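See below for upload_33.cif, which holds mmCIF, C-alpha atoms and all ligand atoms.
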data_entry
loop_
_atom_site.label_atom_id
_atom_site.label_comp_id
_atom_site.auth_asym_id
_atom_site.auth_seq_id
_atom_site.Cartn_x
_atom_site.Cartn_y
_atom_site.Cartn_z
CA VAL A 1 -42.23 -67.22 -2.36
CA TYR A 2 -39.25 -69.23 -3.46
CA SER A 3 -39.67 -69.19 -7.17
CA PRO A 4 -36.11 -69.96 -8.34
CA GLU A 5 -36.07 -67.06 -10.83
CA ARG A 6 -36.79 -64.59 -8.05
CA VAL A 7 -34.26 -65.81 -5.55
CA HIS A 8 -30.93 -64.00 -5.56
CA PRO A 9 -28.03 -66.49 -5.62
CA TYR A 10 -26.87 -65.34 -2.19
CA GLU A 11 -30.34 -65.77 -0.80
CA MET A 12 -29.68 -69.45 -1.38
CA LEU A 13 -27.60 -69.11 1.72
CA THR A 14 -30.74 -68.76 3.75
CA ILE A 15 -32.01 -71.95 2.25
CA LYS A 16 -28.71 -73.66 2.89
CA ILE A 17 -28.74 -72.61 6.53
CA TRP A 18 -32.30 -73.81 6.93
CA VAL A 19 -31.81 -77.13 5.32
CA LEU A 20 -28.44 -77.88 6.89
CA LEU A 21 -29.63 -76.94 10.34
CA GLN A 22 -32.49 -78.95 11.74
CA PRO A 23 -34.70 -79.51 8.71
CA ARG A 24 -37.28 -81.27 10.82
CA THR A 25 -37.56 -78.49 13.39
CA LEU A 26 -37.15 -75.57 11.07
CA LEU A 27 -39.38 -76.80 8.33
CA ARG A 28 -42.14 -77.92 10.65
CA GLY A 29 -45.24 -76.05 9.61
CA VAL A 30 -43.85 -75.10 6.22
CA PRO A 31 -46.14 -76.33 3.43
CA ARG A 32 -44.86 -79.59 1.95
CA SER A 33 -44.40 -78.31 -1.56
CA TRP A 34 -42.44 -75.38 -0.25
CA ALA A 35 -40.21 -77.59 1.88
CA HIS A 36 -39.55 -79.73 -1.20
CA ARG A 37 -38.63 -76.71 -3.19
CA LEU A 38 -36.24 -75.56 -0.49
CA ALA A 39 -34.58 -78.93 -0.45
CA SER A 40 -34.23 -79.01 -4.21
CA LEU A 41 -32.68 -75.55 -4.22
CA GLN A 42 -30.18 -76.52 -1.59
CA SER A 43 -27.82 -78.03 -4.12
CA ALA A 44 -27.44 -74.62 -5.77
CA SER A 45 -26.03 -73.08 -2.60
CA LYS A 46 -22.58 -74.57 -2.31
CA LEU A 47 -20.66 -71.64 -0.96
CA PRO A 48 -17.17 -72.43 0.26
CA GLU A 49 -16.69 -71.95 4.00
CA LYS A 50 -14.48 -68.85 3.68
CA LYS A 51 -16.90 -67.11 1.35
CA LEU A 52 -19.78 -67.97 3.62
CA GLN A 53 -17.92 -66.44 6.58
CA ALA A 54 -17.16 -63.25 4.61
CA LEU A 55 -20.74 -63.00 3.46
CA LEU A 56 -22.18 -63.40 6.92
CA PHE A 57 -19.51 -61.55 8.91
CA PRO A 58 -17.85 -59.02 6.61
CA LEU A 59 -15.81 -57.59 9.48
CA SER A 60 -13.95 -60.89 9.73
CA ALA A 61 -12.94 -60.60 6.10
CA LEU A 62 -10.99 -57.44 7.01
CA GLU A 63 -9.06 -59.18 9.78
CA GLY A 64 -5.99 -59.86 7.62
CA GLN A 65 -5.69 -56.19 6.66
CA LEU A 66 -5.40 -54.89 10.19
CA THR A 67 -2.22 -53.64 11.79
CA SER A 68 -1.15 -55.11 15.12
CA GLY A 69 -2.68 -53.54 18.18
CA PHE A 70 -6.16 -53.67 16.75
CA SER A 71 -8.26 -56.77 16.51
CA ILE A 72 -11.63 -57.46 14.96
CA ALA A 73 -12.54 -59.30 18.15
CA ASP A 74 -12.57 -55.86 19.87
CA LEU A 75 -15.14 -54.72 17.39
CA GLN A 76 -17.22 -57.71 16.40
CA LEU A 77 -19.42 -58.03 19.44
CA PHE A 78 -22.54 -59.32 17.82
CA GLU A 79 -21.77 -62.85 16.70
CA PRO A 80 -24.97 -64.85 16.51
CA SER A 81 -24.78 -68.58 15.92
CA MET A 82 -26.00 -70.12 12.67
CA GLY A 83 -29.06 -71.29 14.58
CA ASP A 84 -29.81 -67.70 15.65
CA ILE A 85 -29.41 -66.51 12.07
CA ALA A 86 -31.74 -69.21 10.83
CA ARG A 87 -34.37 -68.34 13.44
CA ALA A 88 -34.14 -64.66 12.52
CA GLU A 89 -34.67 -65.54 8.86
CA ARG A 90 -38.02 -67.06 9.71
CA LEU A 91 -39.18 -63.73 11.02
CA PHE A 92 -38.44 -62.17 7.62
CA CYS A 93 -40.35 -64.87 5.79
CA PRO A 94 -44.03 -64.10 5.21
CA SER A 95 -46.78 -66.62 5.77
CA ALA A 96 -50.56 -66.61 6.06
CA LYS A 97 -50.25 -65.81 9.76
CA HIS A 98 -47.25 -63.55 9.50
CA LYS A 99 -47.76 -60.89 6.88
CA ILE A 100 -44.93 -58.62 5.84
CA ASP A 101 -46.34 -55.55 4.19
CA TYR A 102 -46.13 -51.88 3.38
CA PHE A 103 -48.38 -50.19 5.94
CA SER A 104 -48.54 -46.47 5.25
CA SER A 105 -46.56 -43.28 4.62
CA ALA A 106 -46.42 -40.01 6.46
CA VAL A 107 -44.96 -36.57 5.97
CA ARG A 108 -45.89 -35.36 9.43
CA MET A 109 -45.82 -37.00 12.79
CA ASP A 110 -49.55 -36.62 13.27
CA HIS A 111 -49.95 -38.77 10.13
CA ALA A 112 -47.68 -41.51 11.43
CA PRO A 113 -49.55 -44.74 12.12
CA LEU A 114 -50.46 -45.54 15.69
CA ILE A 115 -48.66 -48.81 16.05
CA ARG A 116 -47.50 -50.14 19.37
CA GLN A 117 -45.14 -52.88 18.29
CA PRO A 118 -41.38 -52.22 18.50
CA GLU A 119 -40.09 -50.12 15.64
CA VAL A 120 -36.73 -49.62 13.95
CA CYS A 121 -35.92 -46.86 11.49
CA PHE A 122 -33.26 -46.28 8.86
CA ILE A 123 -31.76 -42.83 8.48
CA GLY A 124 -28.75 -41.52 6.55
CA ARG A 125 -27.66 -39.13 3.82
CA SER A 126 -29.70 -39.18 0.63
CA ASN A 127 -28.49 -41.93 -1.71
CA VAL A 128 -26.55 -43.80 1.00
CA GLY A 129 -28.61 -46.94 0.31
CA LYS A 130 -31.37 -46.97 2.95
CA SER A 131 -34.17 -48.18 0.70
CA SER A 132 -31.87 -50.68 -1.02
CA LEU A 133 -30.84 -52.21 2.28
CA ILE A 134 -34.45 -52.47 3.40
CA ARG A 135 -35.30 -54.07 0.08
CA VAL A 136 -32.74 -56.83 0.58
CA LEU A 137 -33.69 -57.25 4.23
CA PHE A 138 -37.17 -57.97 2.87
CA SER A 139 -36.02 -60.06 -0.08
CA LEU A 140 -37.75 -63.11 1.40
CA ALA A 141 -41.00 -61.18 0.98
CA PRO A 142 -40.64 -60.15 -2.68
CA ASP A 143 -44.18 -58.77 -2.83
CA VAL A 144 -43.18 -55.86 -0.61
CA GLU A 145 -42.40 -53.05 -3.01
CA ILE A 146 -39.58 -50.70 -2.04
CA ARG A 147 -38.43 -48.13 -4.54
CA VAL A 148 -34.78 -47.22 -4.91
CA SER A 149 -33.18 -44.78 -7.30
CA LYS A 150 -29.84 -43.50 -8.53
CA THR A 151 -31.13 -40.00 -7.96
CA PRO A 152 -30.59 -38.66 -4.42
CA GLY A 153 -33.68 -37.52 -2.58
CA HIS A 154 -35.89 -40.27 -3.96
CA THR A 155 -37.67 -41.26 -0.75
CA LYS A 156 -39.84 -38.29 0.20
CA LYS A 157 -41.95 -39.69 3.02
CA MET A 158 -41.56 -41.85 6.08
CA ASN A 159 -42.60 -45.28 4.82
CA PHE A 160 -43.83 -47.78 7.40
CA PHE A 161 -43.59 -51.54 6.88
CA THR A 162 -45.05 -54.08 9.28
CA VAL A 163 -43.47 -57.45 9.92
CA GLY A 164 -46.45 -59.34 11.28
CA LYS A 165 -47.03 -58.41 14.89
CA ALA A 166 -43.31 -58.61 15.55
CA PHE A 167 -42.08 -55.14 14.63
CA THR A 168 -42.33 -52.19 12.25
CA LEU A 169 -39.57 -50.89 10.05
CA VAL A 170 -39.43 -47.31 8.75
CA ASP A 171 -37.63 -46.13 5.62
CA MET A 172 -36.83 -42.43 6.00
CA PRO A 173 -36.07 -39.73 3.47
CA GLY A 174 -32.37 -38.91 3.36
CA TYR A 175 -30.73 -35.84 4.84
CA GLY A 176 -28.16 -33.58 3.15
CA TYR A 177 -28.27 -33.13 -0.62
CA LYS A 178 -31.83 -32.96 -2.00
CA ALA A 179 -33.45 -33.67 1.35
CA PRO A 180 -37.19 -32.91 1.29
CA LYS A 181 -38.06 -29.40 2.50
CA ASP A 182 -40.02 -30.71 5.46
CA PHE A 183 -37.25 -33.11 6.49
CA VAL A 184 -36.54 -31.52 9.86
CA GLU A 185 -40.18 -31.23 10.82
CA MET A 186 -40.80 -34.79 9.71
CA VAL A 187 -37.77 -36.82 10.77
CA GLU A 188 -36.55 -34.87 13.79
CA SER A 189 -39.94 -34.88 15.40
CA TYR A 190 -40.29 -38.58 14.62
CA LEU A 191 -36.96 -39.35 16.29
CA GLU A 192 -37.74 -37.16 19.24
CA THR A 193 -41.24 -38.37 19.96
CA ARG A 194 -41.73 -41.89 18.63
CA ARG A 195 -42.35 -43.95 21.74
CA ASN A 196 -42.04 -47.43 20.23
CA LEU A 197 -38.77 -46.69 18.42
CA VAL A 198 -36.32 -49.23 19.83
CA ARG A 199 -33.34 -48.72 17.50
CA THR A 200 -32.23 -46.26 14.87
CA PHE A 201 -30.00 -47.53 12.09
CA LEU A 202 -27.76 -44.72 10.88
CA LEU A 203 -26.34 -45.58 7.48
CA VAL A 204 -22.98 -44.23 6.37
CA ASP A 205 -21.43 -44.79 2.96
CA GLY A 206 -18.54 -47.24 3.44
CA ALA A 207 -16.56 -45.57 0.67
CA VAL A 208 -16.70 -42.05 2.09
CA GLY A 209 -17.08 -42.53 5.84
CA ILE A 210 -18.75 -40.12 8.24
CA GLN A 211 -19.49 -36.74 6.65
CA GLU A 212 -20.51 -33.42 8.23
CA ALA A 213 -24.22 -34.16 7.78
CA ASP A 214 -23.74 -37.52 9.53
CA ARG A 215 -22.13 -35.76 12.48
CA VAL A 216 -25.23 -33.60 12.79
CA ALA A 217 -27.40 -36.74 12.74
CA ILE A 218 -25.18 -38.38 15.38
CA GLU A 219 -25.47 -35.26 17.51
CA MET A 220 -29.23 -35.43 17.18
CA CYS A 221 -29.31 -39.10 18.27
CA ASN A 222 -27.14 -38.16 21.26
CA GLU A 223 -29.37 -35.27 22.16
CA PHE A 224 -32.54 -37.37 22.02
CA GLY A 225 -30.84 -40.23 23.89
CA LEU A 226 -31.62 -42.64 21.08
CA PRO A 227 -30.04 -46.07 21.00
CA PHE A 228 -28.57 -46.27 17.52
CA VAL A 229 -26.22 -48.35 15.44
CA ILE A 230 -24.03 -47.37 12.50
CA VAL A 231 -24.19 -49.43 9.32
CA MET A 232 -21.58 -48.88 6.62
CA THR A 233 -23.21 -49.42 3.24
CA LYS A 234 -22.07 -50.20 -0.32
CA ILE A 235 -18.99 -52.04 0.88
CA ASP A 236 -18.80 -53.80 -2.48
CA LYS A 237 -17.99 -50.43 -4.07
CA SER A 238 -15.34 -49.41 -1.62
CA ARG A 239 -11.64 -50.23 -1.96
CA GLN A 240 -10.47 -52.28 1.02
CA GLY A 241 -7.99 -49.61 2.15
CA ALA A 242 -10.65 -46.89 2.11
CA LEU A 243 -13.17 -49.14 3.82
CA LEU A 244 -10.69 -49.95 6.54
CA SER A 245 -9.74 -46.35 7.23
CA ASN A 246 -13.42 -45.36 7.25
CA LEU A 247 -14.13 -48.22 9.62
CA LEU A 248 -11.46 -46.93 11.98
CA GLN A 249 -12.92 -43.44 11.68
CA VAL A 250 -16.40 -44.75 12.54
CA ARG A 251 -15.01 -46.68 15.49
CA GLU A 252 -13.26 -43.55 16.77
CA VAL A 253 -16.41 -41.43 16.40
CA ILE A 254 -18.46 -44.08 18.22
CA LYS A 255 -15.94 -44.13 21.06
CA THR A 256 -15.51 -40.42 21.44
CA HIS A 257 -18.67 -38.72 20.18
CA THR A 258 -21.62 -40.94 20.94
CA VAL A 259 -23.71 -41.68 23.97
CA CYS A 260 -25.98 -44.59 23.10
CA CYS A 261 -24.38 -46.00 19.97
CA TYR A 262 -23.85 -49.76 19.69
CA PRO A 263 -20.05 -50.21 19.81
CA GLN A 264 -19.92 -52.38 16.69
CA PRO A 265 -20.43 -50.82 13.27
CA PHE A 266 -22.10 -53.21 10.82
CA LEU A 267 -20.94 -53.57 7.23
CA ALA A 268 -23.35 -54.29 4.38
CA SER A 269 -23.69 -54.54 0.65
CA SER A 270 -27.14 -54.62 -0.85
CA THR A 271 -25.89 -55.89 -4.19
CA GLN A 272 -23.79 -58.73 -2.75
CA TYR A 273 -26.02 -59.48 0.27
CA THR A 274 -22.98 -59.10 2.51
CA GLY A 275 -23.85 -58.62 6.17
CA VAL A 276 -27.59 -58.80 5.48
CA HIS A 277 -28.27 -62.03 7.37
CA VAL A 278 -26.58 -60.78 10.53
CA LEU A 279 -28.47 -57.49 10.27
CA ARG A 280 -31.75 -59.41 10.14
CA CYS A 281 -30.65 -61.23 13.24
CA PHE A 282 -29.71 -57.99 14.99
CA ILE A 283 -33.08 -56.44 14.14
CA ALA A 284 -34.90 -59.54 15.36
CA HIS A 285 -32.89 -59.36 18.58
CA VAL A 286 -33.29 -55.65 19.34
CA THR A 287 -37.02 -55.77 18.68
CA GLY A 288 -37.31 -58.48 21.33
CA ASN A 289 -38.15 -61.27 18.90
CA LEU A 290 -35.01 -63.33 19.22
CA PRO A 291 -33.29 -64.27 22.45
CA LEU A 292 -29.82 -65.27 21.35
CA SER A 293 -28.29 -68.60 22.17
CA GLY A 294 -24.71 -68.99 23.38
CA ASP A 295 -21.95 -66.44 22.99
CA ALA A 296 -23.79 -63.58 21.34
CA GLU A 297 -26.05 -63.16 24.37
CA GLN A 298 -23.12 -62.72 26.71
CA LYS A 299 -21.73 -59.80 24.71
CA PRO A 300 -22.84 -56.24 25.48
CA SER A 301 -25.93 -55.20 23.58
CA HIS A 302 -26.87 -51.69 24.69
N1 LIG B 401 -22.95 -50.99 -5.45
C1 LIG B 401 -23.93 -50.74 -4.58
N2 LIG B 401 -24.89 -49.83 -4.87
C2 LIG B 401 -25.85 -49.61 -3.95
C3 LIG B 401 -25.89 -50.28 -2.71
N3 LIG B 401 -26.95 -49.83 -2.02
C4 LIG B 401 -27.55 -48.92 -2.79
N4 LIG B 401 -26.91 -48.77 -3.96
C5 LIG B 401 -27.26 -47.84 -5.04
O1 LIG B 401 -27.27 -46.53 -4.51
C6 LIG B 401 -28.34 -45.77 -5.09
C7 LIG B 401 -29.20 -45.17 -4.00
O2 LIG B 401 -29.87 -46.20 -3.33
P1 LIG B 401 -31.18 -45.95 -2.45
O3 LIG B 401 -31.42 -47.22 -1.71
O4 LIG B 401 -32.30 -45.42 -3.26
O5 LIG B 401 -30.65 -44.83 -1.46
P2 LIG B 401 -31.49 -44.05 -0.32
O6 LIG B 401 -30.56 -43.88 0.83
O7 LIG B 401 -32.77 -44.73 -0.05
O8 LIG B 401 -31.71 -42.65 -1.03
P3 LIG B 401 -32.86 -41.53 -0.74
O9 LIG B 401 -34.17 -42.22 -0.70
O10 LIG B 401 -32.71 -40.63 -1.91
O11 LIG B 401 -32.48 -40.89 0.53
C8 LIG B 401 -29.07 -46.72 -6.02
O12 LIG B 401 -28.60 -46.51 -7.34
C9 LIG B 401 -28.68 -48.10 -5.51
O13 LIG B 401 -28.71 -49.08 -6.54
C10 LIG B 401 -24.87 -51.25 -2.44
O14 LIG B 401 -24.79 -51.90 -1.39
N5 LIG B 401 -23.91 -51.44 -3.41
MG MG B 402 -34.72 -44.10 -0.16
#
As a first step, turn the structure in this file into structure tokens.
Ligand SMILES: Nc1nc2c(ncn2[C@@H]2O[C@H](COP(=O)(O)OP(=O)(O)OP(=O)(O)O)[C@@H](O)[C@H]2O)c(=O)[nH]1
Ligand SMILES: [Mg+2]
Amino acid sequence: VYSPERVHPYEMLTIKIWVLLQPRTLLRGVPRSWAHRLASLQSASKLPEKKLQALLFPLSALEGQLTSGFSIADLQLFEPSMGDIARAERLFCPSAKHKIDYFSSAVRMDHAPLIRQPEVCFIGRSNVGKSSLIRVLFSLAPDVEIRVSKTPGHTKKMNFFTVGKAFTLVDMPGYGYKAPKDFVEMVESYLETRRNLVRTFLLVDGAVGIQEADRVAIEMCNEFGLPFVIVMTKIDKSRQGALLSNLLQVREVIKTHTVCCYPQPFLASSTQYTGVHVLRCFIAHVTGNLPLSGDAEQKPSH
């Protein structure tokens, strides 16, 4: 899995976390050659503390830009420890007993696989970066093929991926511009009827904020009583000022127009890997695969 040519430089962070935290505990059960390779790659992962913090918790990096009267602490509710992050990473790492794989696709609900394990799905406008984010979430399982494209409307079906027996993740076609014709029939009925759906990730472009089509999607989540969470994507492309004002807009919408939305928006960049590790941890947590240690558990997590 960890062939050096295939590992993104920021994925080294995972390795760093693993090796720096309890190597004996965490690497127990990992094949010897693999453990050696991890250790030898560790030297390549010397991220300075501040950069590490910004990479893991991008909200914190915005702290300095905020006006008085508003603090990131009000917003950043999900703060897993490094140990939690490391444990979540293991779930995203395939092994002989824990296969991470594409499972099937569906264009209608009666074609959706009958899987009982907890499920999360990714929705958002076409081109917002759903498939790209899923691809980096699965970067520790490089054999899982996820197609992304510059052209909006690329993902045409609901694509199901299984993460061992732990959970399923669904990549959805986008809404808005170039949405597939059967989008409503496909995605709305999925959201309305899928019993094992434990969390919906609604992706919003960090550079443009919540658009009209997103408001419709939020309304739909409210109507179906779905627990959902907003993820702001492509934050590497967004100017800090724009990102900040869009973040405040998202926060306001969550406060005033949502019923079951997680109060914290997440920030992510699929090219820089920003926010990806914490998202893995959040997914592991909401699918019931990761009881959190310490502080994070005491914070609200509806
Ligand atoms: N700079 C930057 N580009 C991104 C990021 N995420 C996605 N992109 C680009 O945005 C484009 C669309 O990405 P996709 O992941 O295919 O978007 P999608 O939401 O799955 O789109 P549909 O399947 O058409 O609904 C691609 O050209 C990606 O390379 C990001 O975090 N940063
Ligand atoms: Mg897609």
With the cut-off set at 12 Å and counting only C-alpha atoms and all ligand atoms, tabulate each residue of chain A with an atom at most that distance from an atom of ligand MG 402 (chain B), showing the nearest atom pair and its distance in Å to one decimal, ordered by chain and increasing number, as CSV.
residue,atom,partner,partner_atom,distance
A:Phe122,CA,B:MG402,MG,9.4
A:Ile123,CA,B:MG402,MG,9.2
A:Gly124,CA,B:MG402,MG,9.3
A:Arg125,CA,B:MG402,MG,9.5
A:Ser126,CA,B:MG402,MG,7.1
A:Asn127,CA,B:MG402,MG,6.8
A:Val128,CA,B:MG402,MG,8.3
A:Gly129,CA,B:MG402,MG,6.8
A:Lys130,CA,B:MG402,MG,5.4
A:Ser131,CA,B:MG402,MG,4.2
A:Ser132,CA,B:MG402,MG,7.2
A:Leu133,CA,B:MG402,MG,9.3
A:Ile134,CA,B:MG402,MG,9.1
A:Arg135,CA,B:MG402,MG,10.0
A:Ile146,CA,B:MG402,MG,8.4
A:Arg147,CA,B:MG402,MG,7.0
A:Val148,CA,B:MG402,MG,5.7
A:Ser149,CA,B:MG402,MG,7.3
A:Lys150,CA,B:MG402,MG,9.7
A:Thr151,CA,B:MG402,MG,9.5
A:Pro152,CA,B:MG402,MG,8.0
A:Gly153,CA,B:MG402,MG,7.1
A:His154,CA,B:MG402,MG,5.5
A:Thr155,CA,B:MG402,MG,4.1
A:Lys156,CA,B:MG402,MG,7.8
A:Lys157,CA,B:MG402,MG,9.0
A:Met158,CA,B:MG402,MG,9.5
A:Asn159,CA,B:MG402,MG,9.4
A:Val170,CA,B:MG402,MG,10.6
A:Asp171,CA,B:MG402,MG,6.8
A:Met172,CA,B:MG402,MG,6.7
A:Pro173,CA,B:MG402,MG,5.8
A:Gly174,CA,B:MG402,MG,6.7
A:Tyr175,CA,B:MG402,MG,10.4
A:Lys178,CA,B:MG402,MG,11.7
A:Ala179,CA,B:MG402,MG,10.6
A:Pro180,CA,B:MG402,MG,11.6
A:Leu203,CA,B:MG402,MG,11.4
Exercise. Name the closest residue to Ile254 of chain A among the candidates A:Cys93, A:Leu279, A:Cys221, A:Leu197; distances are taken between atoms, counting all atoms listed in the file.
Key: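 Looking only at the distances to Ile254 of chain A, the closest residue turns out to be A:Cys221.
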Exercise. Find the distance between atom CA of Val198 of chain A and atom CA of Pro118 of chain A and write it in Å to one decimal.
Key: 6.0 Å
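Taking atom CA of Gly83 of chain A as the reference point, atom CA of Val286 of chain A is found at 16.9 Å.
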Quiz item: A:Val253, A:Cys260, A:Leu292, A:Leu137: which is nearest ligand LIG 401 (chain B), counting only C-alpha atoms and all ligand atoms?
Solution: A:Leu137
Practice problem: For Tyr102 of chain A, please output as an NGL selection string all residues within 10 Å (counting only C-alpha atoms; exclusion window: fewer than 3 positions along the same chain). | Solution: :A and (99 or 105 or 143-146 or 159-163 or 168-170)
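Comparing the minimum interatomic distances between Gly288 of chain A and each of A:Glu89, A:Asp101, A:Glu49, A:Glu119, counting all atoms listed in the file, we find that A:Glu119 sits nearest.
Relative to atom CA of Thr233 of chain A, atom CA of Gly206 of chain A is found at 5.2 Å.
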Quiz item: In terms of the shortest atom-to-atom distance over all atoms listed in the file, which of A:Thr193, A:Asn246, A:Ser238, A:Thr256 is closest to ligand LIG 401 (chain B)?
Solution: A:Ser238
Quiz item: Counting all atoms listed in the file, which of A:Gly164, A:Ile283, A:Glu192, A:Val136 gets nearest to ligand LIG 401 (chain B)?
Solution: A:Val136
4 Å per side around ligand LIG 401 (chain B): axis-aligned box centre and edge lengths, as lines of an AutoDock Vina configuration file:
center_x = -28.6
center_y = -46.3
center_z = -3.3
size_x = 19.2
size_y = 19.3
size_z = 16.2
Quiz item: Nearest to ligand LIG 401 (chain B) among A:Glu212, A:Asp182, A:Asp205, A:Asp110, with distances taken over all atoms listed in the file: which residue is it?
Solution: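 Result for the nearest residue to ligand LIG 401 (chain B): A:Asp205.
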Quiz prompt | Test item: residues at most 12 Å from Pro227 of chain A, all atoms listed in the file, excluding those fewer than 2 positions along its chain, as a PyMOL selection string | solution = chain A and resi 120-121+191-192+197-202+218+220-225+229-230+258-263+286+301-302
Practice problem: Step by step: start from the point (-39.1, -61.7, 2.4) in the file's coordinates, keep every protein, DNA or RNA residue that has an atom no farther than 7 Å from it, count all atoms listed in the file, and write the set as an MDAnalysis selection string. | Solution: chainID A and resid 92:94 138:142
